[in-house]
Amino acid sequence: MSDRDWVAEQQDQSVSERLAAEALIVDVDGYEGPLDLLLSLSRTQKVDLRRISVLQLAEQYLGFVNKAKALRIELAADYLVMAAWLAYLKSRLLLPPDPSEEGPSAEDLAAHLAFQLERLQAMREAAARLMARDQRGRDFFVRGHPEEVTRARTVRYTASLIDLMRAYARLRTKDEFRPFVMDRDHVFTMEQALERLRGLIGYAASWSDLESWLPEGWDSNPMRRRSSVAAHFAAVLEMAKRGQIELRQGDTFAPIEIRRKESE
Amino acid sequence: MTDQERSLFDAPPIAEQERMVEAILFAATEPVTVADLKRRMPHGCDPAEALAYLRRRYEGRGVRLVRVGDAWAFRTAPDLGHLMQKEVVEQRKLSRAAIETLAIIAYHQPVTRAEIEEIRGVAVSRGTIDQLLEMEWIRFGRRRMTPGRPVTFVVTETFLDHFGLESARDLPGLKDLRAAGLLDNRPLPGSMQRPEDEEEDLSGQTELFED
Amino acid sequence: MTDQERSLFDAPPIAEQERMVEAILFAATEPVTVADLKRRMPHGCDPAEALAYLRRRYEGRGVRLVRVGDAWAFRTAPDLGHLMQKEVVEQRKLSRAAIETLAIIAYHQPVTRAEIEEIRGVAVSRGTIDQLLEMEWIRFGRRRMTPGRPVTFVVTETFLDHFGLESARDLPGLKDLRAAGLLDNRPLPGSMQRPEDEEEDLSGQTELFED
């Protein structure tokens with residue numbers, strides 16, 4: 001179709017078609033992107049998509065965008081990107097080809113756009129054909145009363161020789177480094193102290209010496225005593241930080257006293 | 001005694017095997033693979049042969065034996081769907097975007113999200129893919145060996161089962177679409193895509209359908 | 001036109017009615033009564049007659065048409081019930097506690113529970129010992145002639161079988177473990193391991209096997 005034909009056809013465009021074009025704009029939200037819109041516009045050409053006039057389509061699209069602007073309809077960015085690209089394509093299609101210019105020809109770009117439209121159309125039709133097929137739960141049905149398949153589950157535990165050797169190696173290795181393993185017997189950890197105090201702190205309504213809170217059996221042996229004091233001291237600092245208790249010390253090296261913090 | 005020899009003595013007659021396959025498939029709602037049938041039947045059975053007999057037996061009946069990928073199931077004949085109103089489960093309405101995305105995945109698989117977006121000309125929303133994944137109609141395929149190693153999507157056996165397809169090759173109009181070049185991944189002329197990528201993409205698509 | 005007359009014209013052929021009953025019963029979640037069938041089938045159908053045909057058709061098949069009260073349903077043939085069971089053997093790795101306990105028993109047998117606990121540095125739960133006993137990888141050995149006469153544990157033939165050992169003596173020693181790279185322990189900084197320790201360990205082990 002030559003350009004002149006197209007102009008002539010534009011003039012012939014009936015009022016109803018123009019109204020339809022306006023309806024398109026109002027309905028811009030209904031389009032799934034610029035390609036969808038182009039496909040809708042292409043239908044007005046009433047030709048096979050393979051013979052579509054991309055130039056005419058570009059005109060229609062740009063017209064659409066202009067009308068949308070006039071009506072102050074905000075178009076999403078991708079519609080505007082497509083408009084810019086189509087404006088470029090249109091100018092390339094209208095101007096005589098510049099032999100010095102590199103890259104794809106305007107015809108190649110137009111052919112690609114036509115291909116995209118045809119492919120989208122084909123996928124639409126394929127989707128429709130797919131949905132028109134007999135569907136499970138609508139046209140055909142599965143067994144309504146499946147019979148239980150009982151599963152006789154046998155658990156078989158396995159281990160390889162390597163697992164066994166690794167386990168043993170791990171144990172023996174632990175043994176070899178025994179001197180460097182902390183002797184846990186005389187260690188009271190901060191976690192233990194925290195755990196312990198959390199249960200007891202409710203009873204500390206008035207100021208009392210931290211040392212009176214040490215666990216039984218941890219004050220005779222000096223190593224145990226040191227560890228438990230340190231652990232409990234660290235624990236009360238942590239609890240004070242969390243706002244669970246209050247701490248005070250009258251003087252340097254004076255006993256440290258703790259008290260439950262009343263919740264306000 | 002070798003397996004071969006033993007099977008000659010032990011395998012039940014084929015008519016009996018047919019009964020067994022019939023019972024197993026009747027009891028199941030979901031398709032059962034040939035391998036699974038073999039596991040559940042006595043040693044030396046040939047479920048594939050039994051299935052062939054059984055399929056013929058149910059031709060034209062009210063229920064039919066259908067193949068779904070590598071698996072088999074009994075399904076009611078589609079022409080009797082109108083009698084089943086009582087069994088119809090309300091189906092979730094799929095959006096137009098979801099239906100199109102599904103069709104693109106089915107016809108172009110394995111396909112990346114970028115390719116779906118290129119075909120539809122619009123971004124695919126996270127929710128659309130999620131919905132199809134949740135329905136188990138699509139799943140992740142192999143990663144594409146292109147920069148960024150994007151994941152691909154393919155359709156599942158559940159999809160095939162739902163639409164009564166034996167395999168993705170049986171999608172309606174697939175041959176025509178391919179012949180028309182509409183399943184090609186044709187990049188925009190002059191775009192940056194390297195030709196090697198393209199070739200790989202193409203082989204990926206055909207691979208699935210040709211076997 | 002009376003109902004009687006209409007049915008003469010409208011009712012589908014009995015073979016078709018049989019298909020309908022077949023599909024309805026197949027898809028139904030519960031047994032269906034004749035009255036219910038009649039309601040769901042086209043006007044003028046005779047489900048009772050169709051049922052009779054259908055029942056005969058399924059005689060001797062893998063599924064049968066059975067009467068449940070005054071309703072009908074398909075059920076697997078009773079002689080094929082065994083197919084409705086799926087053997088699932090689940091392989092599970094032994095827990096770390098179990099494998100360590102087993103290793104100690106293998107390397108130090110006969111060994112008491114207290115000795116195991118001493119080597120592992122933590123208590124051995126009843127369940128762990130029970131599990132190993134149940135797997136028949138360990139058994140009770142002779143009682144130790146010490147106060148309290150504690151029971152000892154030794155490994156079994158089944159254990160040796162599973163691990164492909166001729167005897168517990170074939171278990172690799174510490175040197176072998178190191179050679180095999182299984183003792184790639186990163187010593188704690190500043191540790192001073194004397195090579196003699198190793199030799200001692202080995203001699204200690206062999207001694208333990210001399211029961």
# chains A, B, ... in the order shown; residues from 1 in each chain; ligands from 1
$ residues_around --residues "segment 196-210 of chain A" --least-positions-apart "5" --cutoff "6 Å" --atoms "only C-alpha atoms" --output "PyMOL selection string"
chain A and resi 256-260
$ write_last_selection --atoms "N, CA and C atoms" --output "mmCIF file, in the first residue's frame"
data_model
loop_
_atom_site.group_PDB
_atom_site.id
_atom_site.type_symbol
_atom_site.label_atom_id
_atom_site.label_comp_id
_atom_site.auth_asym_id
_atom_site.auth_seq_id
_atom_site.Cartn_x
_atom_site.Cartn_y
_atom_site.Cartn_z
ATOM 1 N N ILE A 256 29.025 -5.399 95.026
ATOM 2 C CA ILE A 256 28.114 -4.959 93.973
ATOM 3 C C ILE A 256 26.724 -5.429 94.360
ATOM 4 N N GLU A 257 25.768 -4.498 94.289
ATOM 5 C CA GLU A 257 24.412 -4.854 94.695
ATOM 6 C C GLU A 257 23.468 -4.809 93.492
ATOM 7 N N ILE A 258 22.500 -5.669 93.522
ATOM 8 C CA ILE A 258 21.540 -5.710 92.421
ATOM 9 C C ILE A 258 20.120 -5.629 92.959
ATOM 10 N N ARG A 259 19.230 -5.158 92.100
ATOM 11 C CA ARG A 259 17.824 -5.073 92.479
ATOM 12 C C ARG A 259 16.999 -5.197 91.204
ATOM 13 N N ARG A 260 15.884 -5.846 91.343
ATOM 14 C CA ARG A 260 14.953 -6.008 90.220
ATOM 15 C C ARG A 260 14.451 -4.634 89.801
#
$ interface_residues --of "chain B" --to "chain A" --cutoff "9 Å" --atoms "only C-alpha atoms" --output "PyMOL selection string"
chain B and resi 26-30+63+73-82+84-85+87-91+97+99-104+107+118-123+161-164+171-174+177+181-183+186-190
$ interface_residues --of "chain C" --to "chain B" --cutoff "6 Å" --atoms "only C-alpha atoms" --output "JSON, numbers by chain"
{"C": [19, 20, 22, 23, 61, 62, 63, 76]}
$ residues_around --residues "Arg55 of chain C" --least-positions-apart "2" --cutoff "8 Å" --atoms "only C-alpha atoms" --output "number ranges by chain"
C: 51-53, 57-59, 64-66
$ atom_distance --atom1 "atom CA of Leu62 of chain A" --atom2 "atom CA of Val47 of chain A"
20.1 Å
$ select_by_dssp --residues "segment 111-248 of chain A" --states "strand (DSSP E or B)" --output "PyMOL selection string"
chain A and resi 136+140+150-158+208-209+245-248
$ residues_around --residues "Leu160 of chain B" --least-positions-apart "5" --cutoff "10 Å" --atoms "only C-alpha atoms" --output "list of chain:residue names"
A:Gln135, A:Arg136, B:Arg67, B:Val68, B:Gly69, B:Ala106, B:Trp137, B:Val155, B:Leu165, B:Glu166, B:Ser167, B:Ala168, B:Asp170, B:Leu171
$ select_by_dssp --residues "segment 11-48 of chain C" --states "helix (DSSP H, G or I)" --output "list in words"
Ile14, Ala15, Glu16, Gln17, Glu18, Arg19, Met20, Val21, Glu22, Ala23, Ile24, Leu25, Phe26, Ala27, Val34, Ala35, Asp36, Leu37, Lys38, Arg39, Arg40, Pro47 and Ala48 of chain C
$ write_last_selection --atoms "C-alpha atoms" --output "compact mmCIF listing (two decimals), in the first residue's frame"
# COMPACT_ATOMS: atom_id res chain seq x y z
CA ILE C 14 -28.32 -48.84 26.31
CA ALA C 15 -24.63 -49.07 25.34
CA GLU C 16 -24.46 -45.30 25.68
CA GLN C 17 -26.23 -45.44 29.03
CA GLU C 18 -23.67 -47.98 30.14
CA ARG C 19 -20.88 -45.53 29.25
CA MET C 20 -22.64 -42.84 31.24
CA VAL C 21 -23.00 -44.97 34.33
CA GLU C 22 -19.40 -46.01 33.99
CA ALA C 23 -18.18 -42.40 33.89
CA ILE C 24 -20.43 -41.23 36.70
CA LEU C 25 -19.40 -44.04 39.04
CA PHE C 26 -15.75 -43.59 38.16
CA ALA C 27 -15.76 -39.89 39.00
CA VAL C 34 -29.79 -45.87 41.12
CA ALA C 35 -32.12 -42.95 41.84
CA ASP C 36 -29.18 -40.56 41.76
CA LEU C 37 -27.96 -42.04 38.48
CA LYS C 38 -31.43 -41.62 37.02
CA ARG C 39 -31.48 -37.98 38.05
CA ARG C 40 -28.16 -37.29 36.43
CA PRO C 47 -29.63 -47.06 35.00
CA ALA C 48 -30.53 -50.40 36.60
$ atom_distance --atom1 "atom CA of Arg170 of chain A" --atom2 "atom CA of Val151 of chain C"
25.5 Å
$ decode --residues "segment 107-127 of chain A" --atoms "N, CA, C and O atoms" --output "tab-separated table (two decimals), in the first residue's frame"
chain	number	residue	atom	x	y	z
A	107	GLU	N	13.62	-1.09	6.59
A	107	GLU	CA	12.73	-2.19	6.19
A	107	GLU	C	12.89	-3.39	7.14
A	107	GLU	O	11.92	-4.04	7.49
A	108	ASP	N	14.15	-3.64	7.53
A	108	ASP	CA	14.39	-4.75	8.45
A	108	ASP	C	13.69	-4.50	9.79
A	108	ASP	O	13.08	-5.40	10.36
A	109	LEU	N	13.80	-3.26	10.24
A	109	LEU	CA	13.19	-2.93	11.53
A	109	LEU	C	11.67	-3.05	11.43
A	109	LEU	O	11.01	-3.58	12.32
A	110	ALA	N	11.12	-2.59	10.33
A	110	ALA	CA	9.67	-2.68	10.14
A	110	ALA	C	9.24	-4.14	10.06
A	110	ALA	O	8.23	-4.54	10.65
A	111	ALA	N	10.06	-4.95	9.36
A	111	ALA	CA	9.73	-6.37	9.23
A	111	ALA	C	9.75	-7.04	10.60
A	111	ALA	O	8.91	-7.89	10.91
A	112	HIS	N	10.68	-6.59	11.41
A	112	HIS	CA	10.76	-7.20	12.73
A	112	HIS	C	9.54	-6.85	13.58
A	112	HIS	O	9.00	-7.70	14.28
A	113	LEU	N	9.12	-5.62	13.47
A	113	LEU	CA	7.93	-5.22	14.23
A	113	LEU	C	6.72	-6.04	13.77
A	113	LEU	O	5.93	-6.52	14.59
A	114	ALA	N	6.63	-6.21	12.45
A	114	ALA	CA	5.52	-7.01	11.92
A	114	ALA	C	5.60	-8.44	12.45
A	114	ALA	O	4.58	-9.05	12.81
A	115	PHE	N	6.83	-8.96	12.50
A	115	PHE	CA	7.03	-10.31	13.03
A	115	PHE	C	6.57	-10.40	14.49
A	115	PHE	O	5.87	-11.33	14.89
A	116	GLN	N	6.95	-9.38	15.27
A	116	GLN	CA	6.56	-9.39	16.68
A	116	GLN	C	5.05	-9.41	16.85
A	116	GLN	O	4.51	-10.11	17.69
A	117	LEU	N	4.40	-8.61	16.02
A	117	LEU	CA	2.94	-8.55	16.10
A	117	LEU	C	2.33	-9.88	15.70
A	117	LEU	O	1.40	-10.37	16.34
A	118	GLU	N	2.87	-10.45	14.64
A	118	GLU	CA	2.34	-11.71	14.16
A	118	GLU	C	2.55	-12.80	15.22
A	118	GLU	O	1.66	-13.63	15.46
A	119	ARG	N	3.70	-12.76	15.85
A	119	ARG	CA	4.01	-13.77	16.86
A	119	ARG	C	3.09	-13.60	18.08
A	119	ARG	O	2.58	-14.58	18.62
A	120	LEU	N	2.88	-12.35	18.49
A	120	LEU	CA	2.00	-12.14	19.63
A	120	LEU	C	0.58	-12.61	19.30
A	120	LEU	O	-0.08	-13.29	20.10
A	121	GLN	N	0.15	-12.28	18.08
A	121	GLN	CA	-1.18	-12.71	17.64
A	121	GLN	C	-1.27	-14.25	17.66
A	121	GLN	O	-2.25	-14.82	18.13
A	122	ALA	N	-0.20	-14.88	17.17
A	122	ALA	CA	-0.18	-16.34	17.11
A	122	ALA	C	-0.26	-16.93	18.51
A	122	ALA	O	-0.96	-17.92	18.74
A	123	MET	N	0.42	-16.30	19.46
A	123	MET	CA	0.40	-16.81	20.83
A	123	MET	C	-0.98	-16.62	21.45
A	123	MET	O	-1.46	-17.46	22.21
A	124	ARG	N	-1.62	-15.50	21.11
A	124	ARG	CA	-3.00	-15.27	21.59
A	124	ARG	C	-3.90	-16.39	21.11
A	124	ARG	O	-4.70	-16.93	21.87
A	125	GLU	N	-3.77	-16.70	19.84
A	125	GLU	CA	-4.64	-17.74	19.27
A	125	GLU	C	-4.32	-19.10	19.88
A	125	GLU	O	-5.21	-19.89	20.17
A	126	ALA	N	-3.01	-19.33	20.09
A	126	ALA	CA	-2.61	-20.61	20.69
A	126	ALA	C	-3.18	-20.72	22.10
A	126	ALA	O	-3.67	-21.77	22.51
A	127	ALA	N	-3.13	-19.61	22.83
A	127	ALA	CA	-3.66	-19.61	24.19
A	127	ALA	C	-5.16	-19.92	24.17
A	127	ALA	O	-5.66	-20.70	24.98
